[in-house]
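Peer 1: Once you've had a glance at the structure underneath, I'll fire off some questions.
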Amino acid sequence: VEVYRVLGAALGQPPGQGRADGLFEAGRQYLAMVRQAPKGGFGAWRRPGAMDRAIIALALTQADSPRREADATVFALLQMAARQSSTFDADAQTVLAQAQSGDQRRMVHTALRLRARRDRLERQELRRVGDRLTAESRGTPLAWDPERHALFVATSDHIAAADRALASERIGSSGANLVSLKQFQAALRPDEAALTLTPVPGGMAYGCIRRDQVQRQVLPRDLRQVSVDVRIVQAGLTAGHAPSDQLDAQFPVAAAVRLHDTLIKPFDGCLRPGDQILWLAGIAFTPLPLTVLLPAAPPKAPGGFDLAAADWLMRRHAVSYPGAASLIVAARAMPRPNTRLDFLGVGDPVFDRPVAGGRDLSGLAALPETKDELEQSARGFRAAKLILRAGATEAAVRREPLADYRFLSFATHGLIRDELKGLDEPALALTPVSAAPEDDGLLTASEIADLNLAARFVALSACNTANFDLNLMSGELSALSSAFAIAGAPSVLGTMWPVDSETGKRVVAATFEALAGDPTTGAAEALLKAQRSFLAAPPSRAHAHPRFWAPFIVLGDGAAAP
């Protein structure tokens, strides 16, 4: 109520210093309220509601305030503005980072898994109720189901017990999960720049944080044009035709340049050549890889542009998408586990063997090329194992000592929810064995969250082989990333649209080659080297188009060395 009172008083004033001071004060009061909220569960306040977002946006119209204390306040508000994803892996990483022993880590995993299971129960119940409401017998009232109610009560009781166990070990839940500016800057390396932005009335608020510098500003922007340009570039990236020197000389250059001017150019005073970019705004806000943006149009070529000579953002910066400052702080505070094995690759599953009573995966395309990809990816590691073909089952994955592997690679289809009937969460497709959920060929996000991992990097290299909707896939990929974060892996490589087989094999294998060759290399830098290497010698002139080399992105802390 106090926040609303301060905000209302500010909006009631004419434009000027009084209104500016009032809006900024409303933001300060809002942050104080968030920080004092009871920490009664992981991710409390994890998604601002509509009124919260309005308060944040109005307060951030003062992001360029000259006040001495404004750096910390604006940074905290920008963190809250980014907390709009339905899956938020920063919360999991923040709690995992507090574990000081193997026993404590197992306790945290238990609490996180219980929440993942509750989320799954809620999705199933919503689907069940929705199906009944849309059934033909619409006059039938919904019946009270005491067994389902008891299941939810029991799950809540288990979660409460897990929280009490953590509290006894002085491990706190995430609450608002905001980190201070000082904490965040201390976690950054000298060659990193964390960039974030959010819409505000009339424009955009920008923040750039380096180890030794903070830049913040508000600029007028046409948000409708930004939305249109995003869709135009998305359309240029997701063309499905075969490689063509003529067709692939085309690219929506004007839209890519405008997006660069809106999303990247405002950081010119802070972003330095060669910096690694940590994009805190989240992939859902800009559902396309930043690496395809252009500061200027490339040279013209017959029928289009010389895209091999284009000054893609990829040529100047590695990019990762942690989505939250707290994930960076937490991931870098986690003790490095002692892994005795280097690489586990899972791929080339068999889909042409129907399982009685199970889901039919026979419509999925075979992926024989993923065997070559995994073999090449494993080549640089001394202790590597591949699980392929009929052996690439859920049970086989669970039998492995997963906590002993430093790198994991799943070279298979990534499925989005509802892509198969009854699939209510994203999943990785493996060889089906039975109708039982634990071996039905669908390693779902909630089942991934149940795994116990110590890997610093997981590649989902053939992910999203059927979906062309980048807006939808950005959310599904984030859900898979969050599942792996709950399981313990802070960095995930995924693909945002269907991947050309030869390109995928070369880029992913080269990424692992870079990781194996230099233990100080982070995932985002390794991916950058692989993409540059591919673009330097593409299979054809057509393959210089970013629809081939750009679908790969690193979510999580892609800058820290595994």
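By order in the structure tokens, chains are A, B, ...; within a chain, residues start at 1; ligands start at 1, following the order shown.
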Listing only residues of segment 73-107 of chain A within 12 Å of segment 337-344 of chain A, what is the closest atom pair and its distance in Å (to one decimal) for each, using only C-alpha atoms, sorted by chain and residue number ascending, as CSV?

Peer 2:
residue,atom,partner,partner_atom,distance
A:Ala97,CA,A:Pro337,CA,11.9
A:Ala99,CA,A:Pro337,CA,11.8
A:Gln100,CA,A:Pro337,CA,11.1
A:Ser101,CA,A:Pro337,CA,10.2
A:Gly102,CA,A:Pro337,CA,9.4
A:Arg105,CA,A:Pro337,CA,11.0

Peer 1: Generate the output file for the selected residues, N, CA, C and O atoms, as a compact mmCIF listing (two decimals), in the first residue's frame.

Peer 2:
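Now in selection.txt:
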# COMPACT_ATOMS: atom_id res chain seq x y z
N ALA A 97 24.62 -23.55 -4.46
CA ALA A 97 25.90 -22.94 -4.15
C ALA A 97 26.15 -22.86 -2.65
O ALA A 97 27.30 -22.70 -2.22
N ALA A 99 25.63 -25.31 -0.55
CA ALA A 99 26.00 -26.63 -0.03
C ALA A 99 27.51 -26.71 0.13
O ALA A 99 28.27 -26.44 -0.81
N GLN A 100 27.96 -27.08 1.31
CA GLN A 100 29.38 -27.16 1.61
C GLN A 100 29.90 -28.60 1.68
O GLN A 100 31.09 -28.81 1.92
N SER A 101 29.03 -29.56 1.48
CA SER A 101 29.45 -30.96 1.54
C SER A 101 28.55 -31.78 0.62
O SER A 101 27.52 -31.31 0.15
N GLY A 102 28.96 -33.02 0.40
CA GLY A 102 28.16 -33.90 -0.44
C GLY A 102 26.79 -34.16 0.16
O GLY A 102 25.78 -34.21 -0.55
N ARG A 105 24.62 -31.15 -0.39
CA ARG A 105 24.22 -31.07 -1.80
C ARG A 105 23.07 -32.04 -2.09
O ARG A 105 22.14 -31.70 -2.80

Peer 1: Between atom CA of Ala536 of chain A and atom CA of Ala550 of chain A, measure the distance and give it in Å to one decimal.

Peer 2: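 So the answer is 13.9 Å.
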
Peer 1: List every residue of segment 102-148 of chain A that DSSP, applied to the backbone, labels as alpha helix (DSSP H), and write the result as a PyMOL selection string.

Peer 2: chain A and resi 102-133+146-148

Peer 1: Using only C-alpha atoms, which residue out of A:Ala395, A:Leu386, A:Leu420, A:Ala331 lies closest to Leu361 of chain A?

Peer 2: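 The closest residue to Leu361 of chain A is A:Leu420.
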
Peer 1: Residues of segment 201-266 of chain A that approach segment 295-305 of chain A to 10 Å or less, counting only C-alpha atoms: could you list each one with the shortest pair of atoms and its distance in Å to one decimal, rows by chain and increasing residue number, as a Markdown table?

Peer 2:
| residue | atom | partner | partner_atom | distance |
| --- | --- | --- | --- | --- |
| A:Asp245 | CA | A:Gly303 | CA | 9.2 |
| A:Gln246 | CA | A:Gly303 | CA | 6.5 |
| A:Leu247 | CA | A:Gly303 | CA | 8.3 |
| A:Asp248 | CA | A:Gly304 | CA | 8.3 |
| A:Ala249 | CA | A:Gly304 | CA | 4.9 |
| A:Gln250 | CA | A:Gly304 | CA | 5.1 |
| A:Phe251 | CA | A:Phe305 | CA | 7.5 |
| A:Pro252 | CA | A:Ala297 | CA | 9.8 |
| A:Val253 | CA | A:Ala297 | CA | 6.1 |
| A:Ala254 | CA | A:Ala297 | CA | 7.3 |
| A:Ala256 | CA | A:Pro295 | CA | 8.1 |
| A:Val257 | CA | A:Pro295 | CA | 5.5 |
| A:Arg258 | CA | A:Pro295 | CA | 8.4 |
| A:Leu259 | CA | A:Pro295 | CA | 9.0 |
| A:His260 | CA | A:Pro295 | CA | 5.9 |
| A:Asp261 | CA | A:Pro295 | CA | 7.1 |
| A:Ile264 | CA | A:Pro295 | CA | 8.8 |
| A:Lys265 | CA | A:Pro295 | CA | 7.9 |

Peer 1: Put those residues in a file: N, CA, C and O atoms, as a PDB file, in the first residue's frame.

Peer 2:
ATOM      1  N   ASP A 245      23.065 -21.252 -53.072  1.00  0.00           N
ATOM      2  CA  ASP A 245      23.901 -20.051 -53.205  1.00  0.00           C
ATOM      3  C   ASP A 245      23.062 -18.824 -53.509  1.00  0.00           C
ATOM      4  O   ASP A 245      23.382 -17.715 -53.058  1.00  0.00           O
ATOM      5  N   GLN A 246      21.984 -19.009 -54.245  1.00  0.00           N
ATOM      6  CA  GLN A 246      21.134 -17.876 -54.611  1.00  0.00           C
ATOM      7  C   GLN A 246      20.229 -17.468 -53.444  1.00  0.00           C
ATOM      8  O   GLN A 246      20.231 -16.302 -53.025  1.00  0.00           O
ATOM      9  N   LEU A 247      19.456 -18.413 -52.897  1.00  0.00           N
ATOM     10  CA  LEU A 247      18.518 -18.077 -51.830  1.00  0.00           C
ATOM     11  C   LEU A 247      19.239 -17.678 -50.545  1.00  0.00           C
ATOM     12  O   LEU A 247      18.765 -16.810 -49.800  1.00  0.00           O
ATOM     13  N   ASP A 248      20.373 -18.291 -50.289  1.00  0.00           N
ATOM     14  CA  ASP A 248      21.081 -18.014 -49.039  1.00  0.00           C
ATOM     15  C   ASP A 248      22.027 -16.830 -49.137  1.00  0.00           C
ATOM     16  O   ASP A 248      22.829 -16.595 -48.226  1.00  0.00           O
ATOM     17  N   ALA A 249      21.917 -16.074 -50.208  1.00  0.00           N
ATOM     18  CA  ALA A 249      22.582 -14.767 -50.262  1.00  0.00           C
ATOM     19  C   ALA A 249      21.662 -13.683 -49.711  1.00  0.00           C
ATOM     20  O   ALA A 249      22.056 -12.521 -49.602  1.00  0.00           O
ATOM     21  N   GLN A 250      20.434 -14.083 -49.357  1.00  0.00           N
ATOM     22  CA  GLN A 250      19.452 -13.137 -48.829  1.00  0.00           C
ATOM     23  C   GLN A 250      19.483 -13.151 -47.295  1.00  0.00           C
ATOM     24  O   GLN A 250      19.663 -14.197 -46.681  1.00  0.00           O
ATOM     25  N   PHE A 251      19.292 -11.985 -46.705  1.00  0.00           N
ATOM     26  CA  PHE A 251      19.158 -11.868 -45.260  1.00  0.00           C
ATOM     27  C   PHE A 251      18.530 -10.519 -44.953  1.00  0.00           C
ATOM     28  O   PHE A 251      18.848  -9.523 -45.629  1.00  0.00           O
ATOM     29  N   PRO A 252      17.639 -10.437 -43.948  1.00  0.00           N
ATOM     30  CA  PRO A 252      17.006  -9.159 -43.611  1.00  0.00           C
ATOM     31  C   PRO A 252      17.988  -8.230 -42.900  1.00  0.00           C
ATOM     32  O   PRO A 252      17.915  -8.001 -41.686  1.00  0.00           O
ATOM     33  N   VAL A 253      18.918  -7.717 -43.658  1.00  0.00           N
ATOM     34  CA  VAL A 253      20.024  -6.924 -43.117  1.00  0.00           C
ATOM     35  C   VAL A 253      19.518  -5.673 -42.402  1.00  0.00           C
ATOM     36  O   VAL A 253      19.992  -5.325 -41.315  1.00  0.00           O
ATOM     37  N   ALA A 254      18.567  -4.964 -43.002  1.00  0.00           N
ATOM     38  CA  ALA A 254      18.098  -3.704 -42.407  1.00  0.00           C
ATOM     39  C   ALA A 254      17.535  -3.943 -41.005  1.00  0.00           C
ATOM     40  O   ALA A 254      17.819  -3.184 -40.065  1.00  0.00           O
ATOM     41  N   ALA A 256      18.294  -6.477 -39.001  1.00  0.00           N
ATOM     42  CA  ALA A 256      19.393  -6.878 -38.120  1.00  0.00           C
ATOM     43  C   ALA A 256      20.213  -5.673 -37.673  1.00  0.00           C
ATOM     44  O   ALA A 256      20.686  -5.626 -36.528  1.00  0.00           O
ATOM     45  N   VAL A 257      20.368  -4.695 -38.539  1.00  0.00           N
ATOM     46  CA  VAL A 257      21.102  -3.474 -38.177  1.00  0.00           C
ATOM     47  C   VAL A 257      20.292  -2.641 -37.192  1.00  0.00           C
ATOM     48  O   VAL A 257      20.827  -2.109 -36.209  1.00  0.00           O
ATOM     49  N   ARG A 258      18.984  -2.518 -37.437  1.00  0.00           N
ATOM     50  CA  ARG A 258      18.146  -1.758 -36.497  1.00  0.00           C
ATOM     51  C   ARG A 258      18.156  -2.398 -35.116  1.00  0.00           C
ATOM     52  O   ARG A 258      18.218  -1.708 -34.091  1.00  0.00           O
ATOM     53  N   LEU A 259      18.090  -3.738 -35.063  1.00  0.00           N
ATOM     54  CA  LEU A 259      18.127  -4.415 -33.771  1.00  0.00           C
ATOM     55  C   LEU A 259      19.477  -4.215 -33.088  1.00  0.00           C
ATOM     56  O   LEU A 259      19.546  -4.055 -31.865  1.00  0.00           O
ATOM     57  N   HIS A 260      20.542  -4.232 -33.846  1.00  0.00           N
ATOM     58  CA  HIS A 260      21.861  -3.954 -33.265  1.00  0.00           C
ATOM     59  C   HIS A 260      21.891  -2.552 -32.667  1.00  0.00           C
ATOM     60  O   HIS A 260      22.396  -2.337 -31.562  1.00  0.00           O
ATOM     61  N   ASP A 261      21.314  -1.597 -33.396  1.00  0.00           N
ATOM     62  CA  ASP A 261      21.291  -0.216 -32.894  1.00  0.00           C
ATOM     63  C   ASP A 261      20.468  -0.095 -31.614  1.00  0.00           C
ATOM     64  O   ASP A 261      20.761   0.737 -30.752  1.00  0.00           O
ATOM     65  N   ILE A 264      22.344  -3.368 -28.839  1.00  0.00           N
ATOM     66  CA  ILE A 264      23.790  -3.445 -28.563  1.00  0.00           C
ATOM     67  C   ILE A 264      24.480  -2.082 -28.583  1.00  0.00           C
ATOM     68  O   ILE A 264      25.281  -1.782 -27.688  1.00  0.00           O
ATOM     69  N   LYS A 265      24.174  -1.254 -29.559  1.00  0.00           N
ATOM     70  CA  LYS A 265      24.883   0.025 -29.710  1.00  0.00           C
ATOM     71  C   LYS A 265      24.807   0.911 -28.461  1.00  0.00           C
ATOM     72  O   LYS A 265      25.793   1.598 -28.141  1.00  0.00           O
TER      73      LYS A 265
END
